[in-house]
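Asks: CSV, C-alpha atoms, saved as upload-v9.csv, coming up:
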```
chain,number,residue,atom,x,y,z
A,1,MET,CA,-11.7,49.0,-34.2
A,2,GLY,CA,-13.9,49.7,-31.2
A,3,THR,CA,-16.7,52.2,-31.4
A,4,SER,CA,-19.6,53.2,-29.1
A,5,THR,CA,-22.5,55.5,-28.9
A,6,ASP,CA,-20.5,57.5,-26.4
A,7,ALA,CA,-17.4,58.3,-28.5
A,8,GLU,CA,-16.5,59.0,-32.1
A,9,PRO,CA,-15.0,56.1,-34.1
A,10,GLU,CA,-11.3,55.6,-33.3
A,11,ALA,CA,-8.9,56.4,-36.1
A,12,GLU,CA,-5.2,56.6,-36.6
A,13,VAL,CA,-3.9,60.2,-37.0
A,14,PRO,CA,-1.0,61.0,-39.4
A,15,ALA,CA,1.9,63.1,-38.2
A,16,GLY,CA,1.3,66.8,-38.7
A,17,ALA,CA,-2.4,66.5,-38.1
A,18,GLU,CA,-4.8,69.4,-37.7
A,19,VAL,CA,-4.0,70.8,-34.3
A,20,ASP,CA,-0.9,72.2,-32.5
A,21,LEU,CA,-0.2,69.5,-29.9
A,22,ARG,CA,2.6,71.5,-28.4
A,23,HIS,CA,0.5,74.5,-27.6
A,24,HIS,CA,0.1,74.9,-23.8
A,25,GLY,CA,-1.6,77.4,-21.5
A,26,ASP,CA,1.6,79.3,-20.8
A,27,ALA,CA,1.6,80.6,-24.4
A,28,GLU,CA,-1.7,82.5,-23.6
A,29,VAL,CA,0.1,84.7,-21.1
A,30,ARG,CA,3.3,85.5,-23.0
A,31,GLY,CA,3.6,89.1,-24.0
A,32,GLY,CA,0.7,90.1,-21.8
A,33,ASP,CA,2.2,92.0,-18.9
A,34,GLY,CA,-0.3,92.3,-16.1
A,35,LEU,CA,-2.7,89.7,-17.4
A,36,VAL,CA,-4.7,87.7,-14.8
A,37,ASP,CA,-3.7,84.2,-15.7
A,38,LEU,CA,-6.7,81.9,-16.0
A,39,ALA,CA,-5.0,79.9,-18.8
A,40,VAL,CA,-2.5,77.9,-16.7
A,41,ASN,CA,-3.7,75.4,-14.1
A,42,VAL,CA,-1.0,75.9,-11.6
A,43,ARG,CA,-2.5,77.0,-8.2
A,44,ALA,CA,-2.1,80.7,-7.6
A,45,GLY,CA,-0.1,82.0,-4.6
A,46,THR,CA,2.3,79.1,-4.6
A,47,PRO,CA,4.7,77.6,-3.6
A,48,PRO,CA,3.9,78.2,0.1
A,49,ALA,CA,6.6,79.7,2.4
A,50,TRP,CA,7.5,76.4,4.0
A,51,LEU,CA,8.1,74.8,0.7
A,52,LYS,CA,10.2,77.7,-0.6
A,53,GLN,CA,12.3,77.3,2.6
A,54,CYS,CA,12.7,73.6,2.0
A,55,VAL,CA,13.9,74.2,-1.6
A,56,ALA,CA,16.2,77.1,-0.4
A,57,GLU,CA,17.9,74.8,2.2
A,58,SER,CA,18.6,72.3,-0.5
A,59,LEU,CA,20.8,74.7,-2.4
A,60,ASP,CA,23.6,74.2,0.1
A,61,GLY,CA,24.1,70.7,-1.3
A,62,LEU,CA,24.3,71.7,-5.0
A,63,ALA,CA,27.9,70.7,-5.3
A,64,ALA,CA,26.9,67.0,-4.8
A,65,TYR,CA,25.2,64.9,-7.5
A,66,PRO,CA,21.5,64.4,-6.8
A,67,ASP,CA,20.5,61.3,-4.8
A,68,GLY,CA,16.9,60.4,-5.2
A,69,ARG,CA,16.6,57.5,-2.8
A,70,ALA,CA,15.0,59.4,0.1
A,71,ALA,CA,12.5,61.1,-2.2
A,72,ARG,CA,11.7,57.9,-3.9
A,73,ALA,CA,11.1,56.1,-0.6
A,74,ALA,CA,8.9,59.0,0.6
A,75,VAL,CA,6.7,58.8,-2.6
A,76,ALA,CA,6.5,55.0,-2.1
A,77,ALA,CA,5.4,55.4,1.5
A,78,ARG,CA,2.8,58.0,0.6
A,79,HIS,CA,1.1,55.5,-1.8
A,80,GLY,CA,1.9,52.3,0.2
A,81,VAL,CA,4.0,50.6,-2.4
A,82,PRO,CA,7.6,49.4,-2.6
A,83,SER,CA,10.2,51.9,-3.9
A,84,GLU,CA,10.8,49.6,-6.9
A,85,ARG,CA,7.3,50.8,-8.2
A,86,VAL,CA,8.3,54.5,-8.2
A,87,LEU,CA,10.2,56.5,-10.8
A,88,LEU,CA,10.9,60.2,-10.2
A,89,THR,CA,10.7,62.4,-13.2
A,90,ALA,CA,11.3,66.0,-14.3
A,91,GLY,CA,7.5,66.6,-14.3
A,92,ALA,CA,4.8,64.4,-15.8
A,93,ALA,CA,5.9,65.6,-19.3
A,94,GLU,CA,9.2,63.7,-19.0
A,95,ALA,CA,7.3,60.6,-18.1
A,96,PHE,CA,5.3,60.8,-21.4
A,97,VAL,CA,8.5,61.0,-23.3
A,98,LEU,CA,10.0,58.0,-21.5
A,99,LEU,CA,6.8,55.9,-22.1
A,100,ALA,CA,6.9,56.8,-25.8
A,101,ARG,CA,10.6,56.0,-26.2
A,102,ALA,CA,11.2,53.1,-23.9
A,103,LEU,CA,8.1,50.8,-24.2
A,104,ARG,CA,7.7,48.5,-27.2
A,105,VAL,CA,4.2,49.1,-28.3
A,106,ARG,CA,2.5,48.7,-31.7
A,107,ARG,CA,-0.9,50.2,-31.3
A,108,PRO,CA,-1.0,53.2,-29.0
A,109,VAL,CA,-4.3,55.0,-28.4
A,110,VAL,CA,-5.0,58.3,-26.7
A,111,VAL,CA,-8.4,59.2,-25.3
A,112,HIS,CA,-9.2,62.8,-26.2
A,113,PRO,CA,-9.9,65.6,-25.4
A,114,GLN,CA,-7.0,65.5,-23.0
A,115,PHE,CA,-3.6,66.9,-22.3
A,116,THR,CA,-1.8,66.8,-25.7
A,117,GLU,CA,1.7,66.0,-24.6
A,118,PRO,CA,1.2,62.2,-24.5
A,119,GLU,CA,0.3,62.1,-28.2
A,120,ALA,CA,3.0,64.6,-29.1
A,121,ALA,CA,5.6,62.4,-27.4
A,122,LEU,CA,4.4,59.3,-29.0
A,123,ARG,CA,4.5,60.9,-32.5
A,124,ALA,CA,7.9,62.3,-31.9
A,125,ALA,CA,9.1,58.8,-31.0
A,126,GLY,CA,7.8,57.5,-34.4
A,127,HIS,CA,4.5,55.9,-33.4
A,128,ARG,CA,1.3,56.0,-35.3
A,129,VAL,CA,-1.3,57.2,-32.8
A,130,GLY,CA,-4.9,56.2,-32.6
A,131,ARG,CA,-7.5,58.5,-31.0
A,132,VAL,CA,-10.8,57.8,-29.2
A,133,LEU,CA,-12.7,61.1,-29.2
A,134,LEU,CA,-15.2,61.6,-26.4
A,135,ARG,CA,-18.3,63.6,-27.2
A,136,ALA,CA,-19.5,66.9,-25.8
A,137,ASP,CA,-23.2,65.8,-25.9
A,138,ASP,CA,-22.3,62.9,-23.6
A,139,GLY,CA,-20.4,65.2,-21.2
A,140,PHE,CA,-17.0,63.8,-22.4
A,141,ARG,CA,-17.6,60.7,-20.4
A,142,LEU,CA,-15.5,57.6,-21.0
A,143,ASP,CA,-17.0,54.3,-22.4
A,144,PRO,CA,-14.3,51.6,-21.9
A,145,ASP,CA,-15.8,49.7,-24.9
A,146,ALA,CA,-14.8,52.6,-27.2
A,147,VAL,CA,-11.1,51.6,-26.8
A,148,PRO,CA,-10.0,49.3,-29.7
A,149,ALA,CA,-9.4,45.7,-28.6
A,150,ASP,CA,-6.0,45.6,-30.2
A,151,ALA,CA,-4.7,48.8,-28.5
A,152,ASP,CA,-1.6,47.8,-26.4
A,153,LEU,CA,-1.0,51.3,-24.9
A,154,VAL,CA,-4.0,53.5,-23.8
A,155,VAL,CA,-3.5,57.0,-22.3
A,156,VAL,CA,-6.3,58.7,-20.4
A,157,GLY,CA,-6.4,61.6,-17.9
A,158,ASN,CA,-8.3,61.6,-14.7
A,159,PRO,CA,-9.5,64.1,-13.9
A,160,THR,CA,-9.1,65.0,-17.5
A,161,ASN,CA,-7.5,68.2,-18.7
A,162,PRO,CA,-9.3,70.2,-20.2
A,163,THR,CA,-12.7,68.7,-19.7
A,164,SER,CA,-12.5,68.5,-15.8
A,165,VAL,CA,-14.3,65.2,-16.0
A,166,LEU,CA,-13.5,62.6,-13.3
A,167,HIS,CA,-13.9,59.1,-14.7
A,168,PRO,CA,-15.0,56.3,-12.3
A,169,ALA,CA,-12.0,54.1,-11.4
A,170,ALA,CA,-14.1,51.1,-12.2
A,171,ASP,CA,-14.4,52.3,-15.8
A,172,LEU,CA,-10.7,52.8,-16.1
A,173,VAL,CA,-10.0,49.3,-14.7
A,174,ARG,CA,-12.2,47.8,-17.4
A,175,ILE,CA,-9.8,49.1,-20.0
A,176,ALA,CA,-6.9,47.2,-18.4
A,177,ARG,CA,-5.9,43.7,-19.6
A,178,PRO,CA,-2.8,41.5,-19.8
A,179,GLY,CA,-0.6,42.6,-22.6
A,180,ARG,CA,-1.8,46.2,-22.5
A,181,ILE,CA,-0.3,49.3,-20.8
A,182,LEU,CA,-2.9,51.5,-19.3
A,183,VAL,CA,-1.5,55.0,-18.6
A,184,VAL,CA,-3.6,57.1,-16.3
A,185,ASP,CA,-2.5,60.7,-15.9
A,186,GLU,CA,-3.5,61.8,-12.4
A,187,ALA,CA,-1.7,65.1,-12.5
A,188,PHE,CA,-4.8,66.9,-11.0
A,189,MET,CA,-6.0,64.1,-8.7
A,190,ASP,CA,-4.7,65.8,-5.6
A,191,ALA,CA,-7.2,68.7,-6.3
A,192,VAL,CA,-10.1,66.2,-5.9
A,193,PRO,CA,-11.3,66.0,-2.3
A,194,GLY,CA,-10.4,62.6,-0.9
A,195,GLU,CA,-8.8,61.7,-4.3
A,196,ARG,CA,-11.8,59.6,-5.0
A,197,GLU,CA,-11.5,57.5,-8.2
A,198,ALA,CA,-7.6,57.5,-7.9
A,199,LEU,CA,-5.7,54.4,-9.0
A,200,ALA,CA,-2.3,55.5,-7.6
A,201,GLY,CA,-1.1,52.8,-5.2
A,202,ARG,CA,-3.2,50.0,-6.9
A,203,VAL,CA,-1.1,46.9,-7.6
A,204,ASP,CA,-3.9,44.6,-8.8
A,205,VAL,CA,-4.5,46.2,-12.2
A,206,PRO,CA,-2.5,44.6,-15.0
A,207,GLY,CA,-0.3,47.0,-17.0
A,208,LEU,CA,-1.3,50.0,-14.9
A,209,VAL,CA,1.0,53.1,-15.1
A,210,VAL,CA,-0.1,56.1,-13.0
A,211,LEU,CA,1.5,59.5,-13.5
A,212,ARG,CA,1.5,62.2,-10.8
A,213,SER,CA,2.6,65.8,-10.9
A,214,LEU,CA,3.7,67.9,-8.0
A,215,THR,CA,3.8,71.1,-10.0
A,216,LYS,CA,0.1,72.0,-10.1
A,217,THR,CA,-1.0,72.2,-6.4
A,218,TRP,CA,2.4,73.3,-5.2
A,219,GLY,CA,3.3,75.8,-7.9
A,220,LEU,CA,6.5,74.1,-9.0
A,221,ALA,CA,6.1,74.2,-12.7
A,222,GLY,CA,9.5,75.9,-13.0
A,223,LEU,CA,11.2,73.2,-10.9
A,224,ARG,CA,9.8,70.2,-12.8
A,225,ILE,CA,9.0,67.3,-10.5
A,226,GLY,CA,6.6,64.4,-10.9
A,227,TYR,CA,6.6,60.6,-10.6
A,228,VAL,CA,5.5,57.3,-12.1
A,229,LEU,CA,3.9,54.5,-10.2
A,230,ALA,CA,4.0,51.1,-12.1
A,231,ASP,CA,5.1,47.5,-12.0
A,232,PRO,CA,8.9,47.3,-11.2
A,233,ASP,CA,9.6,45.9,-14.7
A,234,ILE,CA,8.0,48.9,-16.3
A,235,VAL,CA,9.8,51.3,-13.9
A,236,ALA,CA,13.1,49.7,-14.8
A,237,GLU,CA,12.5,50.0,-18.5
A,238,LEU,CA,11.6,53.7,-18.1
A,239,ALA,CA,14.6,54.3,-15.9
A,240,ARG,CA,17.0,52.9,-18.5
A,241,ALA,CA,15.7,55.6,-20.9
A,242,GLN,CA,16.4,58.4,-18.5
A,243,PRO,CA,19.7,60.3,-18.5
A,244,LEU,CA,21.9,60.2,-15.4
A,245,TRP,CA,20.6,62.4,-12.5
A,246,PRO,CA,17.4,63.4,-14.3
A,247,VAL,CA,15.9,65.2,-11.2
A,248,SER,CA,17.7,68.1,-9.6
A,249,SER,CA,18.5,68.2,-5.8
A,250,PRO,CA,16.0,71.0,-5.2
A,251,ALA,CA,13.3,69.1,-7.0
A,252,LEU,CA,14.0,66.0,-5.0
A,253,ALA,CA,13.8,68.0,-1.8
A,254,ALA,CA,10.5,69.4,-2.9
A,255,ALA,CA,9.2,65.9,-3.8
A,256,GLU,CA,10.0,64.6,-0.4
A,257,ALA,CA,8.3,67.5,1.3
A,258,CYS,CA,5.2,67.5,-0.9
A,259,VAL,CA,4.4,63.9,0.0
A,260,GLY,CA,4.9,64.3,3.7
A,261,PRO,CA,2.0,64.5,6.3
A,262,ARG,CA,2.0,68.3,6.5
A,263,ALA,CA,1.8,68.7,2.8
A,264,LEU,CA,-0.9,66.0,2.4
A,265,ALA,CA,-3.0,67.7,5.1
A,266,GLU,CA,-2.6,71.0,3.4
A,267,ALA,CA,-3.4,69.6,0.0
A,268,GLY,CA,-6.6,68.1,1.4
A,269,HIS,CA,-7.7,71.5,2.7
A,270,VAL,CA,-6.8,73.1,-0.7
A,271,ALA,CA,-8.9,70.5,-2.6
A,272,HIS,CA,-12.0,71.4,-0.6
A,273,ARG,CA,-11.3,75.1,-1.1
A,274,VAL,CA,-10.9,74.6,-4.8
A,275,ALA,CA,-14.2,72.7,-5.0
A,276,ALA,CA,-16.0,75.6,-3.3
A,277,GLU,CA,-14.3,78.2,-5.5
A,278,ARG,CA,-15.1,76.1,-8.6
A,279,SER,CA,-18.8,75.9,-7.6
A,280,HIS,CA,-18.8,79.7,-7.4
A,281,LEU,CA,-17.2,80.0,-10.9
A,282,VAL,CA,-19.6,77.5,-12.4
A,283,ALA,CA,-22.7,79.2,-10.9
A,284,GLY,CA,-21.5,82.5,-12.2
A,285,LEU,CA,-20.9,81.2,-15.7
A,286,GLY,CA,-24.3,79.6,-15.7
A,287,GLU,CA,-25.8,83.1,-15.4
A,288,VAL,CA,-24.0,84.4,-18.4
A,289,PRO,CA,-26.0,84.1,-21.7
A,290,GLY,CA,-24.1,82.4,-24.5
A,291,VAL,CA,-21.9,80.3,-22.1
A,292,THR,CA,-22.2,76.6,-21.5
A,293,VAL,CA,-20.1,74.8,-18.9
A,294,THR,CA,-19.1,71.1,-19.2
A,295,GLY,CA,-20.0,69.4,-16.0
A,296,PRO,CA,-19.9,68.1,-13.5
A,297,ALA,CA,-16.4,69.7,-13.2
A,298,GLU,CA,-14.0,68.0,-10.7
A,299,GLY,CA,-10.6,69.6,-11.5
A,300,PRO,CA,-9.2,73.1,-10.7
A,301,PHE,CA,-10.4,74.3,-14.1
A,302,VAL,CA,-13.6,74.2,-16.2
A,303,LEU,CA,-14.2,73.7,-19.9
A,304,VAL,CA,-16.6,76.3,-21.4
A,305,ARG,CA,-18.3,76.6,-24.7
A,306,VAL,CA,-18.7,80.3,-25.6
A,307,ASP,CA,-20.4,81.9,-28.5
A,308,GLY,CA,-17.8,83.7,-30.7
A,309,ALA,CA,-15.0,82.4,-28.5
A,310,LEU,CA,-12.2,83.7,-30.7
A,311,GLY,CA,-13.3,87.3,-30.5
A,312,VAL,CA,-14.2,86.8,-26.8
A,313,ARG,CA,-10.7,85.6,-25.9
A,314,GLU,CA,-9.2,88.7,-27.5
A,315,ARG,CA,-11.6,91.1,-25.8
A,316,LEU,CA,-10.9,89.3,-22.5
A,317,ARG,CA,-7.2,90.0,-23.0
A,318,GLU,CA,-8.0,93.7,-23.6
A,319,ARG,CA,-9.8,93.6,-20.2
A,320,GLY,CA,-6.8,91.9,-18.5
A,321,PHE,CA,-7.7,88.2,-18.5
A,322,ALA,CA,-6.0,85.3,-20.3
A,323,VAL,CA,-7.9,82.0,-20.8
A,324,ARG,CA,-6.8,78.8,-22.5
A,325,ARG,CA,-8.0,78.3,-26.1
A,326,GLY,CA,-9.7,75.0,-26.7
A,327,ASP,CA,-9.0,74.4,-30.4
A,328,THR,CA,-5.6,72.8,-29.9
A,329,PHE,CA,-7.2,69.9,-28.0
A,330,PRO,CA,-8.3,67.1,-30.4
A,331,GLY,CA,-12.0,66.7,-30.2
A,332,LEU,CA,-12.7,70.4,-29.4
A,333,GLY,CA,-13.1,73.4,-31.7
A,334,PRO,CA,-12.6,77.2,-31.6
A,335,GLU,CA,-15.8,77.7,-29.6
A,336,TRP,CA,-14.2,76.2,-26.5
A,337,VAL,CA,-12.1,77.8,-23.8
A,338,ARG,CA,-10.6,76.5,-20.5
A,339,VAL,CA,-10.8,78.7,-17.4
A,340,ALA,CA,-8.7,78.0,-14.3
A,341,VAL,CA,-10.4,78.2,-10.9
A,342,ARG,CA,-9.2,81.1,-8.8
A,343,ASP,CA,-10.4,82.9,-5.6
A,344,ARG,CA,-13.9,84.5,-5.5
A,345,PRO,CA,-12.8,88.2,-6.0
A,346,THR,CA,-10.8,87.2,-9.1
A,347,THR,CA,-13.7,85.1,-10.4
A,348,ASP,CA,-16.2,87.9,-9.9
A,349,THR,CA,-14.0,90.4,-11.7
A,350,PHE,CA,-13.5,87.9,-14.5
A,351,LEU,CA,-17.3,87.3,-14.9
A,352,THR,CA,-17.8,91.0,-15.2
A,353,ALA,CA,-15.1,91.1,-17.9
A,354,LEU,CA,-16.6,88.1,-19.7
A,355,ARG,CA,-20.1,89.7,-19.9
A,356,ALA,CA,-18.5,92.8,-21.4
A,357,ALA,CA,-16.5,90.7,-23.8
A,358,LEU,CA,-19.5,88.8,-25.0
A,359,HIS,CA,-21.5,92.0,-25.6
A,360,PRO,CA,-19.0,94.7,-26.6
A,361,PRO,CA,-20.3,98.2,-27.4
A,362,SER,CA,-21.2,98.5,-31.1
```
Now that the file is in, can you turn its structure into structure tokens?
Replies:
Amino acid sequence: MGTSTDAEPEAEVPAGAEVDLRHHGDAEVRGGDGLVDLAVNVRAGTPPAWLKQCVAESLDGLAAYPDGRAARAAVAARHGVPSERVLLTAGAAEAFVLLARALRVRRPVVVHPQFTEPEAALRAAGHRVGRVLLRADDGFRLDPDAVPADADLVVVGNPTNPTSVLHPAADLVRIARPGRILVVDEAFMDAVPGEREALAGRVDVPGLVVLRSLTKTWGLAGLRIGYVLADPDIVAELARAQPLWPVSSPALAAAEACVGPRALAEAGHVAHRVAAERSHLVAGLGEVPGVTVTGPAEGPFVLVRVDGALGVRERLRERGFAVRRGDTFPGLGPEWVRVAVRDRPTTDTFLTALRAALHPPS
């Protein structure tokens, strides 16, 4: 087993372990009419009008079975790879299920804290899952040497949900080796200016599988669309595990639109705006006593350690704000919350509510 000074010892985790891996941010908003949603990482104010129009126009073709060839070719062109290296999926979540069911692996390992669906999917498929737990006192940074040498499937997010840490591409490449599948979840990479440290489009890394989501930046969580970039043999294996017509015609139309020149230019502008709004949020949080922000944050969300977080979350709800609890992420505890980046007026109102929630009247 691999260990390091930068991560907790890796260990296998039995089914039914200590946290609810199926808990997601949308649960924080249910039953809370009028809550300002800082729990879900989907960009506010989306989808934009031009994308809504594109999806609406696709509805005229609903009588025909979906044909994903054009969307697949568009995704391939966006990343400069052959179409055979692309698999369209009903969001990144479906890709995790396909990986768990289709690939013959003996020793899967998930690097935590991160999005919990990969481990949940692996367990549901009958796998015993190992964990590498990154540490808060090291800023949740990845040490490739912490990954066990015998792991034949490794899953890591970049930038990582919920820590907002962006791992260097060189460190991720160090994890790759012949005979190992390296899954890098880049669901939030388009929120990083210039997509620096991205591995999407790389064909020189053995066993590399990159997952992308189009639901976050474009507000398409209800439509379900994402894709896999991998060696054609891996893509073919995953495709055999998919049902027929797994992606709807409206989702295919959205995929084609979201990887086109107009969308990529807009996404680039959005990434810079998110970075500025995140800096404003982080600066404001830094002035609140009892709050510590994990940094440097690079995603459209920040991970925050808060004194008395359980009570603070409830008092924030009373003041109209929902944030994401942290204790359902392996490696975190009840003192952590995740906060989505929003516009400055929303952030300023939230910071006022947070100060009040931290110091309620006696």
Asks: May I have the protein, DNA and RNA residues with an atom at most 9 Å from (-11.2, 83.7, -27.2), counting only C-alpha atoms in the file's coordinates, returned as JSON, numbers by chain?
Replies: {"A": [306, 308, 309, 310, 311, 312, 313, 314, 315, 316, 317, 322, 323, 324, 325, 326, 334, 335, 336, 337]}
Asks: Using all atoms listed in the file for the distances, tell me which of A:Ala255, A:Val203, A:Ala176, A:Val110 is nearest to Pro232 (chain A).
Replies: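 Once distances to Pro232 (chain A) are computed over all atoms listed in the file, the minimum belongs to A:Val203.
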Asks: What lies within 10 Å of Leu220 (chain A) using all atoms listed in the file, ignoring chain neighbours under 3 positions off, as a PyMOL selection string?
Replies: chain A and resi 42-43+46-47+51-52+91+213-217+223-226+251+254
Asks: Please indicate the distance in Å from CA of Pro206 (chain A) to CA of Val173 (chain A), rounded to one decimal place.
Replies: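 According to the coordinates, CA of Pro206 (chain A) and CA of Val173 (chain A) are separated by 8.9 Å.
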Asks: To one decimal in Å, tell me the separation between CA of Ala239 (chain A) and CA of Asp185 (chain A).
Replies: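 Computing it gives 18.3 Å between the two atoms.
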Asks: Residues at most 9 Å from region 18-21 of chain A, counting all atoms listed in the file, excluding those fewer than 6 positions away in the same chain, as a short mmCIF file (atom, residue, chain, number, x, y, z; two decimals) with C-alpha atoms, in the frame of the given file?
Replies:
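Resulting contents of result.cif:
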```cif
data_model
loop_
_atom_site.label_atom_id
_atom_site.label_comp_id
_atom_site.auth_asym_id
_atom_site.auth_seq_id
_atom_site.Cartn_x
_atom_site.Cartn_y
_atom_site.Cartn_z
CA PHE A 115 -3.60 66.90 -22.30
CA THR A 116 -1.80 66.80 -25.70
CA GLU A 117 1.70 66.00 -24.60
CA GLU A 119 0.30 62.10 -28.20
CA ALA A 120 3.00 64.60 -29.10
CA ASP A 327 -9.00 74.40 -30.40
CA THR A 328 -5.60 72.80 -29.90
CA PHE A 329 -7.20 69.90 -28.00
CA PRO A 330 -8.30 67.10 -30.40
#
```
Asks: Taking (-8.5, 61.6, -18.8) in the file's coordinates, which residues come within 9 Å, counting only C-alpha atoms, written as a VMD selection string?
Replies: chain A and resid 111 to 115 142 155 to 167 184 to 186
Asks: With only C-alpha atoms as the counted atoms, please give the residues lying no more than 9 Å from Gly34 (chain A), apart from itself and same-chain residues fewer than 2 positions off, as a list in words.
Replies: Gly32, Val36, Asp37, Gly320 and Phe321 of chain A
Asks: Point out the residue among A:Pro250, A:Gly286, A:Pro66, A:Pro193 with the least atom-to-atom distance to Leu351 (chain A), counting only C-alpha atoms.
Replies: A:Gly286
Asks: If we count all atoms listed in the file, what is near region 288-301 of chain A at a cut-off of 7 Å, once residues fewer than 4 positions away on the same chain are taken out, given as number ranges by chain?
Replies: A: 41, 139, 159, 163-166, 188, 191-192, 274, 278, 284, 305-307, 338-341, 355
Asks: Separation of CA of Ala353 (chain A) and CA of Val304 (chain A), in Å?
Replies: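 One can read the CA of Ala353 (chain A) to CA of Val304 (chain A) distance as 15.3 Å.
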Asks: Which residue gives the smallest distance to Thr347 (chain A) among A:Val259, A:Val129, A:Leu281, A:Ala265, with all atoms listed in the file counted?
Replies: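 Result for the nearest residue to Thr347 (chain A): A:Leu281.
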Asks: With all atoms listed in the file as the atoms that count, which of A:Leu211, A:Ala125, A:Ala257, A:Ala149 lies nearest to Ala73 (chain A)?
Replies: A:Ala257
Asks: Give the answer as one residue: which of A:Leu182, A:Pro361, A:Arg202, A:Leu35 has the shortest atom-to-atom distance to Arg319 (chain A), using only C-alpha atoms?
Replies: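 Among the listed residues, A:Leu35 lies closest to Arg319 (chain A).
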Asks: Given the choices A:Ala39, A:Ala70, A:Val97, A:Ala170, which gets closest to Leu303 (chain A) if the distance is worked out from all atoms listed in the file?
Replies: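 Closest to Leu303 (chain A), using all atoms listed in the file: A:Ala39.
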Asks: Would you kindly return, as a list in words, each protein, DNA or RNA residue with an atom no farther than 6 Å from any atom of region 80-87 of chain A, considering only C-alpha atoms and excluding same-chain residues fewer than 5 positions away?
Replies: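 The neighbour list is Ala73, Tyr227, Val228, Leu229, Ala230, Asp231 and Pro232 of chain A.
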